[in-house]
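J.: Questions regarding the structure given below will be posed in turn.
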Amino acid sequence: MTIQAATATLSNMSLARRAWEIRRKAIRMGEVQGQGYVGQALGIADVLSVSYFHALAYRPDEPEWEGRDRFLLSIGHYAIALYSALIEAGILPEQELDTYGMDDSRLPMSGMAAYTPGMEITGGSLGQGLGIGVGMALGLKAKKNPAFVYNLMSDGELGEGSTWEAAMSAAHHKLDNLVCIVDFNDQQADGKSTDMLCSEPLGDKWASFGWHVQRVDGNDIAALVAAFDAARDLKEAKPRVIICDTIMCKGVPFLEQREITHFVRVEADEWQKALHVLDANRPE
Amino acid sequence: MNATHKYDPHRKWEARTPPKPGEGGRTSAMIASLAAEGYETVSAPFGHALVGEAKKNDRIVGLTADLSKYTDLHIFAHAFPERFYQMGMAEQVMISAAAGMAREGFIPFATTYAVFASRRAYDFIAMAIAEEYLPVKIVCALPGLTTGYGPSHQATEDLAIFRGLPNLTIVDPCDAIDVMEAVPAITAHEGPVYMRLPRGKVPSVIRQHRPDYKFELGKAKLLRDGKDVLVIASGFMTMRALDAAVELEAQGISAAVLHCPTIKPLDTETILAEAGKGGRLVVTAENHTKVGGLGEAVASTLLTHGVTPAFRMIGLPDQFLDAGALPTLHDRYGISTAAMITQIRGWL
């Protein structure tokens with residue numbers, strides 16, 4: 001494996017515990033606003049845990065360290081999840097959590113590069129992250145910088161033509177320093193992603209575009225670790241995609257059951273209830 | 001006007017000091033509603049009006065790019081599932097497909113957010129629809145500053161982008177009545193239309209001030225007369241102008257309000273007649289950057305015809321706007337009723 005500059009200095013808390021901490025922070029931020037994309041945050045927490053506490057090289061006190069792996073949040077509305085991870089990683093101070101979505105906060109509801117340390121790009125106009133990732137991967141190669149680019153996108157973004165332009169471009173340029181993570185939770189604004197614009201067979205599509213493809217249970221930390229390692233260690237000169245099947249609201253069963261989960265309605269008293277559910281299941 | 005994030009590398013990640021919850025701080029919400037302005041509201045006026053029109057006209061079809069629920073098109077989808085096309089999160093192909101359906105004789109209503117239609121799908125709208133003068137109606141939620149989500153969702157320049165496009169009719173309705181009456185009007189119009197959409201619970205404003213008001217495509221309507229200032233407004237800024245006029249009257253200032261819901265083609269005849277009466281300050285008011293919107297369209301009309309009253313513009317500044325709570329942002333950028341009153345008083 002590659003450099004672990006940051007993780008070496010952190011405690012050896014388990015990845016499951018890190019994911020739990022990320023979920024807990026996301027719920028606390030949701031309570032500040034009374035709303036938020038907590039369903040996505042709970043679903044992607046395991047992926048973020050493996051990213052920030054296993055795969056990525058970074059320096060918490062130097063967010064723009066040249067040697068860092070770049071982590072792009074194409075899905076701006078997942079900011080609540082990334083802020084949780086950035087706080088957990090020591091890049092953002094925990095006391096800012098209470099300012100989520102407030103006027104003049106550094107933590108706006110949709111992620112923006114100018115606002116937040118550790119937020120590499122302004123996402124939110126969906127379908128742009130992967131193309132930016134192509135450019136950063138080209139740039140890193142031109143600078144002979146061995147860092148990797150990780151782009152986190154949603155299954156909804158698979159509908160955008162720009163995603164497939166970027167996919168074709170990445171393969172054409174043999175970007176073996178680019179890892180695309182697709183959060184496949186099968187939910188988007190109007191309903192199930194597969195009902196909106198079906199992208200299956202998804203693995204075959206990426207493979208036919210020239211990518212190395214893995215599809216894993218995105219809430220299985222051991223599977224994610226193996227997939228991230230394989231993506232990094234692969235010797236073939238092609239970009240890598242890890243399709244992560246995740247469950248919206250994972251870890252809070254009463255929210256998992258909720259029917260419409262793109263923008264989860266959480267009643268005022270349910271935030272504390274959700275925390276209690278998490279607290280009763282704290283990993284070591 | 002502090003704490004903007006107009007890009008300045010020296011201000012990146014600047015430490016900000018927001019108030020804590022419960023200490024007077026305001027939080028942003030994703031989808032803003034103007035329902036809490038003291039007016040009665042109508043739920044999903046666009047969706048219901050389109051259903052009514054579609055019952056009479058079987059050429060109408062609906063398309064959306066994963067935003068039916070956020071553009072009120074889900075009402076149409078439930079009423080006419082066989083005439084509704086969910087195109088997924090793919091605005092470009094939605095627009096191209098709408099053009100294709102129009103070529104086959106249909107009248108497609110295509111919905112998304114204003115940012116995505118104007119920025120992402122622009123070339124497709126220009127070439128597949130506008131250049132061909134096809135009857136596609138592009139109806140878009142979150143126009144101007146109607147969300148606290150920041151620039152990715154704030155369509156502050158959509159009118160500027162679309163005004164430059166030949167053949168395209170542009171509508172910026174104020175309220176639920178405007179929307180409901182615009183639907184049959186834009187259906188009847190033979191060419192392409194871009195309409196800004198207030199969605200969800202939409203206030204019914206104008207008829208509370210002017211019971212005989214009717215929306216007419218291409219027409220500006222004088223909603224109240226006044227001798228000191230003439231406010232020419234579109235979109236929800238007409239509501240703000242009416243509220244400001246009531247307040248100004250109490251302060252001894254007489255304000256006329258000319259509602260101009262069709263941005264293109266502009267009703268130059270009415271604007272010239274009203275602005276040409278003389279003796280009044282003319283103020284334009286729009287939920288849009290001051291660059292390239294209603295204000296500049298009116299200014300150009302006046303100067304071209306040699307009508308030169310004292311003239312000022314109320315609108316958004318030429319910058320990417322902050323994220324935050326809408327009331328905060330409307331105050332900060334000068335388009336709240338209070339900010340409007342302050343500006344007008346300062347100019348008189």
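All residue names refer to the structure tokens as shown: chains lettered A, B, ... in order, residues numbered from 1 in each chain, ligands numbered from 1 in order.
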Would you mind writing down, as a PyMOL selection string, each residue of region 97-264 of chain A that DSSP on the backbone assigns to helix (DSSP H, G or I)?
T.: chain A and resi 97-99+129-142+156-159+161-172+193-196+202-208+221-233+253-256
J.: Show me, as a count of residues only, the residues that have an atom within 7 Å of region 131-133 of chain A when counting only C-alpha atoms, minus same-chain residues fewer than 5 positions from it.
T.: 3
J.: Could you give me, as a tab-separated table, every chain A residue with an atom at most 9 Å from chain B, plus its closest atom pair and distance in Å to one decimal, counting only C-alpha atoms, rows ordered by chain then number?
T.:
residue	atom	partner	partner_atom	distance
A:Val32	CA	B:Pro21	CA	7.0
A:Gln33	CA	B:Thr27	CA	6.3
A:Gln35	CA	B:Ala29	CA	8.0
A:Gly36	CA	B:Met30	CA	8.5
A:Gly76	CA	B:Ser152	CA	8.6
A:Asp98	CA	B:Lys20	CA	7.1
A:Thr99	CA	B:Lys20	CA	6.7
A:Tyr100	CA	B:Thr27	CA	8.3
A:Gly101	CA	B:Thr27	CA	5.6
A:Met102	CA	B:Thr27	CA	4.4
A:Asp103	CA	B:Gly324	CA	4.5
A:Asp104	CA	B:Pro18	CA	5.5
A:Ser105	CA	B:Pro18	CA	5.6
A:Arg106	CA	B:Arg16	CA	6.6
A:Pro108	CA	B:Ala323	CA	6.2
A:Met109	CA	B:Tyr149	CA	6.3
A:Ser110	CA	B:Tyr149	CA	6.0
A:Met112	CA	B:Gly150	CA	8.4
A:Ala113	CA	B:Lys12	CA	8.2
A:Ala114	CA	B:Lys12	CA	5.0
A:Tyr115	CA	B:Trp13	CA	4.8
A:Thr116	CA	B:Trp13	CA	5.3
A:Pro117	CA	B:Trp13	CA	6.1
A:Thr122	CA	B:Ser152	CA	8.1
A:Gly123	CA	B:Ser152	CA	7.5
A:Gly124	CA	B:Ser152	CA	5.7
A:Ser125	CA	B:Ser152	CA	5.4
A:Leu126	CA	B:Met89	CA	8.6
A:Gly156	CA	B:Met89	CA	6.3
A:Glu157	CA	B:Met89	CA	6.7
A:Leu158	CA	B:Met89	CA	7.9
A:Gly159	CA	B:Met89	CA	5.0
A:Glu160	CA	B:Ala90	CA	4.8
A:Gly161	CA	B:Ala90	CA	6.8
A:Gln188	CA	B:Asp66	CA	7.4
A:Ala189	CA	B:Asp66	CA	6.0
A:Asp190	CA	B:Asp66	CA	5.3
A:Gly191	CA	B:Asp66	CA	8.2
A:Ser193	CA	B:Gly88	CA	7.9
A:Asp195	CA	B:Gly88	CA	8.5
A:Met196	CA	B:Gly88	CA	4.7
A:Leu197	CA	B:Gly88	CA	4.8
A:Cys198	CA	B:Gly88	CA	8.5
J.: With only C-alpha atoms as the counted atoms, please give the residues lying no more than 9 Å from Gly30 (chain A), apart from itself and same-chain residues fewer than 4 positions off, as a VMD selection string.
T.: chain A and resid 25 to 26 34 to 38 80 100 266 271
J.: Hey, can you spit out that residue selection with C-alpha atoms as a CSV table (one decimal), in the first residue's frame?
T.:
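File selection_8.csv, as written:
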chain,number,residue,atom,x,y,z
A,25,LYS,CA,-22.0,13.6,13.2
A,26,ALA,CA,-24.3,13.6,10.2
A,34,GLY,CA,-34.1,20.1,11.0
A,35,GLN,CA,-33.5,18.5,7.6
A,36,GLY,CA,-30.7,17.4,5.3
A,37,TYR,CA,-29.5,14.6,3.2
A,38,VAL,CA,-29.0,12.3,6.1
A,80,ILE,CA,-23.3,16.7,5.3
A,100,TYR,CA,-24.1,23.5,9.4
A,266,VAL,CA,-37.2,13.4,10.0
A,271,TRP,CA,-33.0,13.1,15.5
J.: If you count only C-alpha atoms, which residues fall within 10 Å of region 61-65 of chain A, apart from same-chain ones fewer than 4 positions away, as a list in words?
T.: Ala6, Ala57, Asp69, Arg70, Gly90, Ile91, Leu92, Thr116, Pro117, Gly118, Met119 and Glu120 of chain A
J.: Distance CA of Leu34 (chain B)-CA of Thr147 (chain B), one decimal place?
T.: 10.5 Å
J.: Find the residues near Cys260 (chain B): any atom within 12 Å, counting only C-alpha atoms, skip ones fewer than 5 places away on the same chain, and give them as a PyMOL selection string.
T.: chain B and resi 170-174+178+215-223+231-239+241+265-271+284-286+293-295+297-298
J.: Just the number, please: distance in Å from CA of Ile181 (chain A) to CA of Arg258 (chain A), one decimal.
T.: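 Atom-to-atom, CA of Ile181 (chain A) to CA of Arg258 (chain A), that is 25.4 Å.
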J.: Write down as a PyMOL selection string the residues belonging to region 199-260 of chain B that are assigned strand (DSSP E or B) by DSSP computed on the backbone.
T.: chain B and resi 201-203+221-224+229-233+255-259
J.: In Å, rounded to a single decimal, give me how far CA of Pro143 (chain B) is from CA of Phe124 (chain B).
T.: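 Distance reported for this atom pair: 19.5 Å.
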J.: Fewer than 2 positions away in the same chain doesn't count, so skip those; otherwise give me all residues within 12 Å of Met127 (chain B), counting only C-alpha atoms, as a list in words.
T.: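 In the requested form, the answer reads Gln92, Ile95, Ser96, Ala99, Ala121, Tyr122, Asp123, Phe124, Ile125, Ile129, Ala130, Glu131, Glu132, Tyr133, Leu134, Leu165, Pro166, Asn167, Leu168 and Pro192 of chain B.
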J.: Restricting it to N, CA and C atoms, dump the selection as a short mmCIF file (atom, residue, chain, number, x, y, z; two decimals), in the first residue's frame.
T.:
data_model
loop_
_atom_site.label_atom_id
_atom_site.label_comp_id
_atom_site.auth_asym_id
_atom_site.auth_seq_id
_atom_site.Cartn_x
_atom_site.Cartn_y
_atom_site.Cartn_z
N GLN B 92 -29.94 17.35 -21.25
CA GLN B 92 -29.68 17.59 -22.67
C GLN B 92 -30.56 16.71 -23.54
N ILE B 95 -34.20 17.83 -23.55
CA ILE B 95 -34.49 18.93 -24.47
C ILE B 95 -34.49 18.44 -25.92
N SER B 96 -33.51 17.63 -26.27
CA SER B 96 -33.48 17.10 -27.64
C SER B 96 -34.72 16.27 -27.91
N ALA B 99 -37.70 18.33 -28.48
CA ALA B 99 -37.68 18.84 -29.86
C ALA B 99 -38.19 17.78 -30.82
N ALA B 121 -28.31 22.91 -20.74
CA ALA B 121 -29.04 22.49 -21.94
C ALA B 121 -29.10 23.60 -22.99
N TYR B 122 -28.39 24.70 -22.76
CA TYR B 122 -28.58 25.89 -23.61
C TYR B 122 -28.40 25.60 -25.10
N ASP B 123 -27.31 24.95 -25.46
CA ASP B 123 -27.03 24.73 -26.89
C ASP B 123 -28.13 23.88 -27.53
N PHE B 124 -28.67 22.96 -26.73
CA PHE B 124 -29.72 22.07 -27.24
C PHE B 124 -31.02 22.86 -27.43
N ILE B 125 -31.28 23.76 -26.50
CA ILE B 125 -32.46 24.63 -26.64
C ILE B 125 -32.28 25.54 -27.86
N ILE B 129 -34.48 23.61 -30.73
CA ILE B 129 -35.82 24.16 -30.46
C ILE B 129 -35.99 25.58 -30.99
N ALA B 130 -35.15 26.51 -30.54
CA ALA B 130 -35.37 27.91 -30.88
C ALA B 130 -35.15 28.17 -32.37
N GLU B 131 -34.04 27.64 -32.89
CA GLU B 131 -33.73 27.89 -34.30
C GLU B 131 -34.81 27.30 -35.21
N GLU B 132 -35.43 26.22 -34.75
CA GLU B 132 -36.47 25.56 -35.55
C GLU B 132 -37.86 26.09 -35.22
N TYR B 133 -37.96 27.00 -34.25
CA TYR B 133 -39.24 27.57 -33.83
C TYR B 133 -40.25 26.48 -33.50
N LEU B 134 -39.83 25.54 -32.66
CA LEU B 134 -40.71 24.42 -32.28
C LEU B 134 -41.47 24.78 -31.01
N LEU B 165 -31.38 34.76 -27.14
CA LEU B 165 -31.76 33.70 -28.08
C LEU B 165 -32.95 34.13 -28.93
N PRO B 166 -32.76 34.23 -30.25
CA PRO B 166 -33.89 34.61 -31.11
C PRO B 166 -35.03 33.60 -31.00
N ASN B 167 -36.22 34.03 -31.28
CA ASN B 167 -37.44 33.20 -31.35
C ASN B 167 -38.02 32.80 -30.00
N LEU B 168 -37.27 32.97 -28.92
CA LEU B 168 -37.73 32.44 -27.64
C LEU B 168 -38.55 33.48 -26.89
N PRO B 192 -41.47 28.51 -29.25
CA PRO B 192 -40.90 28.04 -27.98
C PRO B 192 -41.00 29.09 -26.87
#
J.: Skip Asp155 (chain A) itself and residues of its chain fewer than 6 positions away, then list as a list in words all residues within 7 Å of it, counting only C-alpha atoms.
T.: Val182, Asp183, Phe184, Asp186 and Ser193 of chain A
J.: Keeping C-alpha atoms for every residue in the selection just given, could you write it to a file as a tab-separated table (two decimals), in the first residue's frame?
T.:
chain	number	residue	atom	x	y	z
A	182	VAL	CA	-20.29	5.29	-7.60
A	183	ASP	CA	-22.74	5.37	-4.70
A	184	PHE	CA	-25.47	3.09	-5.99
A	186	ASP	CA	-30.92	3.42	-6.25
A	193	SER	CA	-32.71	5.50	-10.07
